[in-house]
$ cat upload.pdb   # PDB, C-alpha atoms
ATOM      1  CA  MET A 205      34.051 108.072 -22.413
ATOM      2  CA  GLN A 206      36.077 105.300 -24.093
ATOM      3  CA  THR A 207      36.896 103.823 -20.715
ATOM      4  CA  GLY A 208      33.211 103.899 -19.763
ATOM      5  CA  ARG A 209      32.257 101.877 -22.850
ATOM      6  CA  LEU A 210      34.966  99.326 -22.150
ATOM      7  CA  VAL A 211      33.805  98.907 -18.584
ATOM      8  CA  LEU A 212      30.215  98.456 -19.754
ATOM      9  CA  LEU A 213      31.334  95.826 -22.276
ATOM     10  CA  ALA A 214      33.323  94.043 -19.621
ATOM     11  CA  VAL A 215      30.319  94.021 -17.304
ATOM     12  CA  LEU A 216      28.075  92.616 -20.052
ATOM     13  CA  ILE A 217      30.567  89.836 -20.796
ATOM     14  CA  GLY A 218      30.824  89.129 -17.098
ATOM     15  CA  ILE A 219      27.104  88.507 -16.662
ATOM     16  CA  SER A 220      26.550  86.492 -19.844
ATOM     17  CA  PRO A 221      25.559  82.866 -19.186
ATOM     18  CA  GLY A 222      28.486  81.494 -21.166
ATOM     19  CA  PRO A 223      29.285  80.375 -24.674
ATOM     20  CA  ILE A 224      26.663  78.626 -26.808
ATOM     21  CA  GLY A 225      26.449  75.011 -25.793
ATOM     22  CA  VAL A 226      26.554  75.592 -22.050
ATOM     23  CA  PHE A 227      23.370  76.118 -20.099
ATOM     24  CA  ALA A 228      23.224  78.655 -17.310
ATOM     25  CA  ASN A 229      23.282  75.815 -14.793
ATOM     26  CA  GLY A 230      26.583  74.591 -16.247
ATOM     27  CA  ASP A 231      25.276  71.517 -18.115
ATOM     28  CA  ARG A 232      27.072  71.052 -21.393
ATOM     29  CA  VAL A 233      25.132  70.324 -24.536
ATOM     30  CA  LEU A 234      26.555  67.667 -26.831
ATOM     31  CA  PRO A 235      28.719  69.678 -29.261
ATOM     32  CA  PRO A 236      27.807  68.029 -32.614
ATOM     33  CA  LEU A 237      24.119  68.579 -32.013
ATOM     34  CA  VAL A 238      24.629  72.197 -31.037
ATOM     35  CA  ASP A 239      26.523  72.906 -34.236
ATOM     36  CA  SER A 240      23.620  71.534 -36.233
ATOM     37  CA  PRO A 241      20.313  72.062 -34.425
ATOM     38  CA  ILE A 242      18.702  68.641 -34.555
ATOM     39  CA  GLY A 243      15.093  69.701 -34.632
ATOM     40  CA  VAL A 244      15.676  71.890 -37.643
ATOM     41  CA  GLU A 245      18.304  70.044 -39.645
ATOM     42  CA  GLN A 246      18.316  66.474 -38.354
ATOM     43  CA  PRO A 247      14.767  65.284 -37.754
ATOM     44  CA  ASP A 248      15.932  61.644 -37.835
ATOM     45  CA  VAL A 249      18.293  62.263 -34.941
ATOM     46  CA  ALA A 250      15.565  64.121 -33.090
ATOM     47  CA  GLU A 251      13.240  61.174 -33.549
ATOM     48  CA  GLN A 252      15.887  58.747 -32.255
ATOM     49  CA  VAL A 253      16.379  60.880 -29.168
ATOM     50  CA  ILE A 254      12.627  61.039 -28.641
ATOM     51  CA  GLY A 255      12.340  57.282 -29.184
ATOM     52  CA  SER A 256      15.051  56.583 -26.642
ATOM     53  CA  GLY A 257      13.057  58.414 -23.988
ATOM     54  CA  GLN A 258      15.893  60.820 -23.211
ATOM     55  CA  ASN A 259      15.281  64.406 -22.272
ATOM     56  CA  LEU A 260      15.289  66.056 -25.661
ATOM     57  CA  GLU A 261      15.681  69.595 -24.414
ATOM     58  CA  SER A 262      18.861  68.916 -22.497
ATOM     59  CA  ILE A 263      20.401  66.998 -25.377
ATOM     60  CA  CYS A 264      19.635  69.129 -28.383
ATOM     61  CA  GLY A 265      19.534  72.500 -26.698
ATOM     62  CA  GLU A 266      16.380  73.543 -28.489
ATOM     63  CA  PRO A 267      12.970  74.237 -27.036
ATOM     64  CA  PHE A 268      11.009  70.997 -27.045
ATOM     65  CA  GLU A 269       8.008  72.494 -28.794
ATOM     66  CA  ARG A 270      10.187  73.820 -31.609
ATOM     67  CA  VAL A 271      11.584  70.351 -32.273
ATOM     68  CA  LEU A 272       8.096  68.865 -32.338
ATOM     69  CA  MET A 273       6.918  71.558 -34.737
ATOM     70  CA  THR A 274       9.838  70.791 -37.035
ATOM     71  CA  LEU A 275       8.995  67.114 -37.063
ATOM     72  CA  GLU A 276       5.450  68.033 -38.060
ATOM     73  CA  HIS A 277       6.789  68.880 -41.501
ATOM     74  CA  ARG A 278       7.101  65.190 -42.300
ATOM     75  CA  GLN A 279       4.571  64.187 -44.909
ATOM     76  CA  GLY A 280       4.950  60.399 -45.127
ATOM     77  CA  TRP A 281       1.483  59.861 -43.602
ATOM     78  CA  ARG A 282      -0.052  61.226 -46.796
ATOM     79  CA  SER A 283       1.027  58.059 -48.656
ATOM     80  CA  ILE A 284      -1.221  55.893 -46.468
ATOM     81  CA  ALA A 285      -4.347  54.697 -48.276
ATOM     82  CA  TRP A 286      -6.771  56.588 -46.038
ATOM     83  CA  ARG A 287     -10.463  55.958 -46.604
ATOM     84  CA  LYS A 288     -12.803  58.920 -46.782
ATOM     85  CA  ASP A 289     -14.586  58.205 -43.492
ATOM     86  CA  VAL A 290     -15.371  55.415 -41.027
ATOM     87  CA  GLY A 291     -18.394  54.268 -43.038
ATOM     88  CA  ALA A 292     -16.335  53.849 -46.201
ATOM     89  CA  ALA A 293     -13.586  52.110 -44.219
ATOM     90  CA  LEU A 294     -16.042  49.585 -42.742
ATOM     91  CA  LYS A 295     -17.432  48.750 -46.180
ATOM     92  CA  ASP A 296     -13.908  48.015 -47.440
ATOM     93  CA  ALA A 297     -13.033  46.116 -44.262
ATOM     94  CA  LYS A 298     -15.977  43.756 -44.695
ATOM     95  CA  VAL A 299     -14.992  42.985 -48.276
ATOM     96  CA  LEU A 300     -11.272  42.673 -47.584
ATOM     97  CA  GLY A 301     -11.609  41.004 -44.165
ATOM     98  CA  LYS A 302      -9.080  43.386 -42.651
ATOM     99  CA  PRO A 303      -9.265  45.309 -39.375
ATOM    100  CA  VAL A 304      -9.723  49.085 -39.490
ATOM    101  CA  ALA A 305      -6.942  51.296 -38.130
ATOM    102  CA  VAL A 306      -8.733  54.429 -36.972
ATOM    103  CA  VAL A 307      -6.583  57.454 -36.243
ATOM    104  CA  ILE A 308      -8.854  59.767 -34.284
ATOM    105  CA  MET A 309      -7.769  63.353 -34.674
ATOM    106  CA  LEU A 310      -9.325  66.795 -34.693
ATOM    107  CA  PRO A 311      -8.951  68.823 -37.899
ATOM    108  CA  GLU A 312      -6.992  71.475 -35.999
ATOM    109  CA  TYR A 313      -4.574  68.916 -34.629
ATOM    110  CA  GLY A 314      -1.287  68.410 -36.471
ATOM    111  CA  GLN A 315      -0.710  69.691 -39.955
ATOM    112  CA  SER A 316      -4.009  69.551 -41.761
ATOM    113  CA  SER A 317      -7.352  67.896 -41.398
ATOM    114  CA  SER A 318      -7.277  65.548 -44.337
ATOM    115  CA  PRO A 319      -4.935  63.808 -46.747
ATOM    116  CA  PHE A 320      -7.460  64.669 -49.440
ATOM    117  CA  SER A 321      -6.912  68.397 -48.998
TER     118      SER A 321
ATOM    119  CA  MET B 288       3.340  63.981 -33.740
ATOM    120  CA  ILE B 289       1.317  60.882 -34.635
ATOM    121  CA  LYS B 290       1.351  61.901 -38.284
ATOM    122  CA  SER B 291       4.969  62.992 -38.359
ATOM    123  CA  GLY B 292       6.180  60.121 -36.161
ATOM    124  CA  PRO B 293       4.824  56.557 -36.588
ATOM    125  CA  LEU B 294       2.526  57.441 -39.484
ATOM    126  CA  SER B 295       5.475  58.747 -41.489
ATOM    127  CA  ASP B 296       7.572  55.641 -40.754
ATOM    128  CA  PRO B 297       8.026  53.408 -43.853
ATOM    129  CA  ALA B 298       7.429  50.145 -41.947
ATOM    130  CA  VAL B 299       4.241  51.449 -40.344
ATOM    131  CA  ILE B 300       2.986  52.807 -43.675
ATOM    132  CA  ALA B 301       3.679  49.448 -45.344
ATOM    133  CA  ILE B 302       1.783  47.353 -42.800
ATOM    134  CA  LEU B 303      -1.120  49.819 -42.705
ATOM    135  CA  ASN B 304      -1.515  49.732 -46.472
ATOM    136  CA  ARG B 305      -1.096  45.945 -46.700
ATOM    137  CA  ASP B 306      -2.987  44.532 -43.719
ATOM    138  CA  PHE B 307      -5.382  47.248 -42.549
ATOM    139  CA  VAL B 308      -8.051  49.610 -43.770
ATOM    140  CA  PRO B 309      -6.806  52.985 -42.503
ATOM    141  CA  VAL B 310      -9.002  55.983 -41.847
ATOM    142  CA  LEU B 311      -8.602  59.395 -40.221
ATOM    143  CA  HIS B 312     -11.610  60.071 -38.017
ATOM    144  CA  ASP B 313     -12.792  63.453 -36.764
ATOM    145  CA  PRO B 314     -14.744  62.900 -33.503
ATOM    146  CA  SER B 315     -16.224  66.407 -33.705
ATOM    147  CA  ASP B 316     -17.985  65.738 -37.006
ATOM    148  CA  PRO B 317     -21.563  64.532 -36.369
ATOM    149  CA  LYS B 318     -21.826  63.263 -39.957
ATOM    150  CA  THR B 319     -19.137  60.638 -39.414
ATOM    151  CA  THR B 320     -19.556  59.691 -35.748
ATOM    152  CA  GLY B 321     -21.780  56.928 -34.380
ATOM    153  CA  VAL B 322     -21.066  54.688 -37.351
ATOM    154  CA  ALA B 323     -18.922  52.031 -35.659
ATOM    155  CA  PRO B 324     -20.028  50.620 -32.278
ATOM    156  CA  ALA B 325     -16.356  49.881 -31.535
ATOM    157  CA  LEU B 326     -15.568  53.613 -31.480
ATOM    158  CA  ALA B 327     -18.373  54.567 -29.074
ATOM    159  CA  VAL B 328     -16.029  54.700 -26.084
ATOM    160  CA  TRP B 329     -13.653  57.201 -27.679
ATOM    161  CA  GLU B 330     -16.418  59.295 -29.182
ATOM    162  CA  SER B 331     -17.993  59.481 -25.715
ATOM    163  CA  VAL B 332     -14.659  60.362 -24.138
ATOM    164  CA  TYR B 333     -14.192  63.193 -26.633
ATOM    165  CA  ALA B 334     -17.710  64.521 -26.028
ATOM    166  CA  SER B 335     -17.323  64.296 -22.239
ATOM    167  CA  ASN B 336     -14.696  66.982 -21.806
ATOM    168  CA  TRP B 337     -14.636  70.445 -23.395
ATOM    169  CA  ALA B 338     -10.843  70.523 -23.042
ATOM    170  CA  TYR B 339     -10.536  67.823 -25.711
ATOM    171  CA  ARG B 340     -11.913  70.313 -28.236
ATOM    172  CA  GLN B 341      -8.497  71.979 -28.053
ATOM    173  CA  GLY B 342      -6.742  68.770 -29.024
ATOM    174  CA  PHE B 343      -7.559  65.076 -29.105
ATOM    175  CA  ALA B 344      -5.619  62.344 -30.849
ATOM    176  CA  THR B 345      -5.424  58.598 -30.464
ATOM    177  CA  THR B 346      -5.314  55.437 -32.537
ATOM    178  CA  VAL B 347      -7.879  52.661 -32.166
ATOM    179  CA  VAL B 348      -7.808  49.497 -34.231
ATOM    180  CA  ILE B 349     -11.273  47.976 -34.591
ATOM    181  CA  SER B 350     -12.512  44.642 -35.921
ATOM    182  CA  SER B 351     -13.433  44.320 -39.587
ATOM    183  CA  ASP B 352     -17.146  44.247 -38.670
ATOM    184  CA  GLY B 353     -16.744  47.462 -36.646
ATOM    185  CA  LYS B 354     -18.208  45.863 -33.520
ATOM    186  CA  ILE B 355     -15.271  45.657 -31.105
ATOM    187  CA  PRO B 356     -12.022  47.565 -30.516
ATOM    188  CA  LEU B 357      -8.926  45.387 -30.858
ATOM    189  CA  ALA B 358      -6.259  47.717 -29.443
ATOM    190  CA  THR B 359      -5.525  51.359 -28.733
ATOM    191  CA  SER B 360      -2.501  53.582 -28.362
ATOM    192  CA  GLY B 361      -4.040  55.630 -25.551
ATOM    193  CA  ILE B 362      -4.770  59.334 -25.901
ATOM    194  CA  ALA B 363      -1.723  61.217 -27.177
ATOM    195  CA  LYS B 364       0.042  63.674 -24.929
ATOM    196  CA  HIS B 365       2.807  66.093 -25.812
ATOM    197  CA  HIS B 366       4.717  65.482 -22.606
ATOM    198  CA  TRP B 367       8.176  64.181 -23.414
ATOM    199  CA  ARG B 368       7.698  61.071 -21.273
ATOM    200  CA  ASP B 369       4.734  60.080 -23.438
ATOM    201  CA  VAL B 370       6.491  61.175 -26.609
ATOM    202  CA  GLY B 371       9.387  58.871 -25.783
ATOM    203  CA  PHE B 372       7.381  55.798 -24.876
ATOM    204  CA  SER B 373       3.921  55.511 -26.377
ATOM    205  CA  ALA B 374       2.680  54.012 -29.637
ATOM    206  CA  ASN B 375       1.464  57.491 -30.576
ATOM    207  CA  HIS B 376       5.054  58.593 -31.006
ATOM    208  CA  VAL B 377       7.405  55.615 -31.329
ATOM    209  CA  PRO B 378       7.190  53.680 -34.629
ATOM    210  CA  GLU B 379       8.320  50.351 -33.087
ATOM    211  CA  LYS B 380       5.588  50.519 -30.477
ATOM    212  CA  CYS B 381       3.054  51.430 -33.145
ATOM    213  CA  LEU B 382       4.158  48.362 -35.140
ATOM    214  CA  ASP B 383       3.691  46.180 -32.034
ATOM    215  CA  LEU B 384       0.188  47.587 -31.625
ATOM    216  CA  LEU B 385      -0.678  46.754 -35.229
ATOM    217  CA  GLU B 386       0.762  43.203 -35.002
ATOM    218  CA  VAL B 387      -1.214  42.511 -31.830
ATOM    219  CA  SER B 388      -4.351  43.834 -33.542
ATOM    220  CA  LEU B 389      -3.900  41.467 -36.479
ATOM    221  CA  ASP B 390      -3.615  38.508 -34.114
ATOM    222  CA  ARG B 391      -6.732  39.596 -32.218
ATOM    223  CA  GLU B 392      -8.708  40.067 -35.459
ATOM    224  CA  ARG B 393      -7.777  36.507 -36.485
ATOM    225  CA  ARG B 394      -8.843  35.113 -33.106
ATOM    226  CA  TYR B 395     -12.041  37.197 -33.142
ATOM    227  CA  ARG B 396     -13.049  35.831 -36.534
ATOM    228  CA  GLU B 397     -12.280  32.276 -35.472
ATOM    229  CA  ALA B 398     -14.384  32.709 -32.331
ATOM    230  CA  MET B 399     -17.237  34.261 -34.315
ATOM    231  CA  ASN B 400     -17.321  31.266 -36.665
ATOM    232  CA  GLY B 401     -18.970  29.358 -33.850
ATOM    233  CA  SER B 402     -16.633  26.401 -33.555
ATOM    234  CA  GLU B 403     -16.351  24.418 -30.346
ATOM    235  CA  GLY B 404     -15.120  26.488 -27.422
ATOM    236  CA  SER B 405     -15.627  29.716 -29.305
ATOM    237  CA  ALA B 406     -17.699  31.373 -26.561
ATOM    238  CA  ALA B 407     -14.925  30.853 -24.039
ATOM    239  CA  ALA B 408     -12.322  32.050 -26.559
ATOM    240  CA  LEU B 409     -14.355  35.170 -27.237
ATOM    241  CA  ALA B 410     -14.688  35.900 -23.522
ATOM    242  CA  ARG B 411     -10.925  35.497 -23.065
ATOM    243  CA  LEU B 412     -10.299  37.812 -26.003
ATOM    244  CA  HIS B 413     -12.692  40.459 -24.659
ATOM    245  CA  ASP B 414     -10.963  40.317 -21.292
ATOM    246  CA  GLU B 415      -7.518  40.626 -22.880
ATOM    247  CA  ILE B 416      -8.606  43.627 -24.986
ATOM    248  CA  LEU B 417     -10.215  45.363 -22.021
ATOM    249  CA  ARG B 418      -7.057  44.984 -19.959
ATOM    250  CA  SER B 419      -4.893  46.281 -22.793
ATOM    251  CA  ILE B 420      -7.109  49.356 -23.254
ATOM    252  CA  LYS B 421      -6.861  50.142 -19.550
ATOM    253  CA  GLU B 422      -3.103  49.638 -19.673
ATOM    254  CA  ALA B 423      -2.708  51.972 -22.655
ATOM    255  CA  SER B 424      -4.892  54.644 -21.074
ATOM    256  CA  ARG B 425      -3.063  56.322 -18.227
ATOM    257  CA  GLY B 426      -3.517  59.365 -15.995
ATOM    258  CA  ASN B 427      -6.572  61.617 -16.149
ATOM    259  CA  ASP B 428      -7.319  60.651 -19.747
ATOM    260  CA  GLY B 429      -7.153  56.987 -18.781
ATOM    261  CA  ARG B 430      -9.643  57.441 -15.959
ATOM    262  CA  THR B 431     -12.032  59.085 -18.427
ATOM    263  CA  VAL B 432     -11.645  56.216 -20.905
ATOM    264  CA  THR B 433     -12.176  53.618 -18.158
ATOM    265  CA  ARG B 434     -15.419  55.363 -17.155
ATOM    266  CA  PHE B 435     -16.898  54.650 -20.589
ATOM    267  CA  LEU B 436     -15.654  51.084 -21.014
TER     268      LEU B 436
END
$ encode --input "upload.pdb" --output "structure tokens"
Amino acid sequence: MQTGRLVLLAVLIGISPGPIGVFANGDRVLPPLVDSPIGVEQPDVAEQVIGSGQNLESICGEPFERVLMTLEHRQGWRSIAWRKDVGAALKDAKVLGKPVAVVIMLPEYGQSSSPFS
Amino acid sequence: MIKSGPLSDPAVIAILNRDFVPVLHDPSDPKTTGVAPALAVWESVYASNWAYRQGFATTVVISSDGKIPLATSGIAKHHWRDVGFSANHVPEKCLDLLEVSLDRERRYREAMNGSEGSAAALARLHDEILRSIKEASRGNDGRTVTRFL
């Protein structure tokens, strides 16, 4: 019985894809990023990788969607002086003589529908 | 990603608050659509395809009188190639878009003041903006946008 368990364990080890940090196809993931998942703990690094146009999945070893979802937690956009709606923005724009930056977005898209919520 | 990327970048936030009037616009809300002629293209694009009801995001800078679009980021996609390169996702490219918009607003106002050669300047500006919108709008989404231009 003991021998049977050992054999089973050996078989399981034999078919495992390898230690964390190595994909099944043999590509190595950069070690520092694997130790600290970038999407979860280093959103700045994740953003740099995204900005550089590199393949995020192969570099950080995390599902792409998960990294994007993590970045969604950023809240800086709430400090922008959003106007209530396009009509209100145009009134201000005429007075101030400034162009209107319209971010078109469905309420379901992203984190929440409104900075006023 | 637009909110968590460029719109959460300190430099983008600063220029938006200083030089622009920012607004979040819901194209599915009939109470707030149809207000600015400059947004007609994108409101039509949204209404033209049921698939956009699952997700639709883009940035359009319009003139202070609401009559013409000045620049656009193109419709946002979650493909990593778009995420890595477009103004919807990269703060530096978003800043470029905003700077270009400021320059076009200045030229638009100058041309609208009716000085000599203003008609030709306005025509050149319209042509430049049209080309930039087509350039920013790629793939299937781009073809839809071009149909309404």
$ resolve_selection --input "upload.pdb" --expression "the PyMOL selection byres ((chain B) within 9 of (chain A))" --output "MDAnalysis selection string"
chainID B and resid 288:297 300:301 303:304 306:315 319:320 322:323 326 329 340:353 357 365 367:372 376:379 385 388:389 392
$ atom_distance --input "upload.pdb" --atom1 "atom CA of Asn400 of chain B" --atom2 "atom CA of Cys381 of chain B"
28.9 Å
$ resolve_selection --input "upload.pdb" --expression "the PyMOL selection byres ((chain B and resi 433) around 12)" --output "list in words"
Val328, Trp329, Ser331, Val332, Gly361, Leu417, Arg418, Ser419, Ile420, Lys421, Glu422, Ala423, Ser424, Arg425, Gly426, Asn427, Asp428, Gly429, Arg430, Thr431, Val432, Arg434, Phe435 and Leu436 of chain B
$ atom_distance --input "upload.pdb" --atom1 "atom CA of Ala298 of chain B" --atom2 "atom CA of Ala358 of chain B"
18.7 Å
$ atom_distance --input "upload.pdb" --atom1 "atom CA of Arg394 of chain B" --atom2 "atom CA of Lys380 of chain B"
21.3 Å
$ closest_residue --input "upload.pdb" --among "B:Ala374, B:Leu382, B:Ala325, B:Ile362" --to "Ile416 of chain B" --atoms "only C-alpha atoms"
B:Ala325
$ decode --input "upload.pdb" --residues "segment 361-435 of chain B" --atoms "C-alpha atoms" --output "compact mmCIF listing (two decimals), in the first residue's frame"
# COMPACT_ATOMS: atom_id res chain seq x y z
CA GLY B 361 -10.98 55.97 -30.95
CA ILE B 362 -13.31 53.41 -29.40
CA ALA B 363 -11.61 51.56 -26.55
CA LYS B 364 -10.84 47.88 -26.90
CA HIS B 365 -9.57 45.49 -24.27
CA HIS B 366 -7.18 43.75 -26.62
CA TRP B 367 -3.65 44.07 -25.32
CA ARG B 368 -2.41 45.64 -28.56
CA ASP B 369 -4.89 48.49 -28.08
CA VAL B 370 -4.23 48.63 -24.36
CA GLY B 371 -0.53 49.12 -25.04
CA PHE B 372 -0.83 51.78 -27.71
CA SER B 373 -3.97 53.89 -27.68
CA ALA B 374 -4.84 57.13 -25.91
CA ASN B 375 -7.58 55.21 -24.10
CA HIS B 376 -4.94 53.38 -22.11
CA VAL B 377 -1.58 55.16 -22.27
CA PRO B 378 -1.35 58.44 -20.30
CA GLU B 379 1.33 59.97 -22.58
CA LYS B 380 -0.82 59.41 -25.64
CA CYS B 381 -3.83 60.84 -23.83
CA LEU B 382 -1.75 63.95 -23.00
CA ASP B 383 -0.79 64.28 -26.68
CA LEU B 384 -4.47 64.09 -27.62
CA LEU B 385 -5.34 66.85 -25.16
CA GLU B 386 -2.46 69.11 -26.31
CA VAL B 387 -3.49 68.71 -29.95
CA SER B 388 -7.08 69.53 -28.98
CA LEU B 389 -6.02 72.76 -27.28
CA ASP B 390 -4.15 73.85 -30.40
CA ARG B 391 -7.14 73.04 -32.60
CA GLU B 392 -9.53 74.93 -30.29
CA ARG B 393 -7.27 78.00 -30.54
CA ARG B 394 -7.15 77.76 -34.34
CA TYR B 395 -10.91 77.15 -34.52
CA ARG B 396 -11.65 80.28 -32.50
CA GLU B 397 -9.25 82.34 -34.59
CA ALA B 398 -10.90 81.10 -37.79
CA MET B 399 -14.38 81.78 -36.41
CA ASN B 400 -13.43 85.39 -35.63
CA GLY B 401 -13.68 86.04 -39.35
CA SER B 402 -10.26 87.50 -40.02
CA GLU B 403 -8.71 87.38 -43.47
CA GLY B 404 -8.15 83.85 -44.73
CA SER B 405 -10.27 82.38 -41.99
CA ALA B 406 -12.48 80.35 -44.35
CA ALA B 407 -9.46 78.59 -45.80
CA ALA B 408 -8.01 78.05 -42.31
CA LEU B 409 -11.29 76.56 -41.14
CA ALA B 410 -11.42 74.21 -44.13
CA ARG B 411 -7.84 73.08 -43.45
CA LEU B 412 -8.70 72.50 -39.80
CA HIS B 413 -11.81 70.48 -40.67
CA ASP B 414 -9.77 68.34 -43.03
CA GLU B 415 -7.07 67.77 -40.42
CA ILE B 416 -9.64 66.78 -37.77
CA LEU B 417 -11.44 64.43 -40.13
CA ARG B 418 -8.20 62.67 -41.01
CA SER B 419 -7.23 62.35 -37.36
CA ILE B 420 -10.62 60.84 -36.45
CA LYS B 421 -10.26 58.26 -39.22
CA GLU B 422 -6.72 57.51 -38.08
CA ALA B 423 -7.79 57.01 -34.46
CA SER B 424 -10.70 54.78 -35.45
CA ARG B 425 -9.45 51.41 -36.61
CA GLY B 426 -10.90 48.00 -37.44
CA ASN B 427 -14.63 47.27 -37.40
CA ASP B 428 -15.34 50.09 -34.96
CA GLY B 429 -13.44 52.49 -37.21
CA ARG B 430 -15.48 51.52 -40.26
CA THR B 431 -18.65 52.22 -38.27
CA VAL B 432 -17.37 55.63 -37.18
CA THR B 433 -16.32 56.51 -40.75
CA ARG B 434 -19.84 55.66 -41.97
CA PHE B 435 -21.29 58.44 -39.81
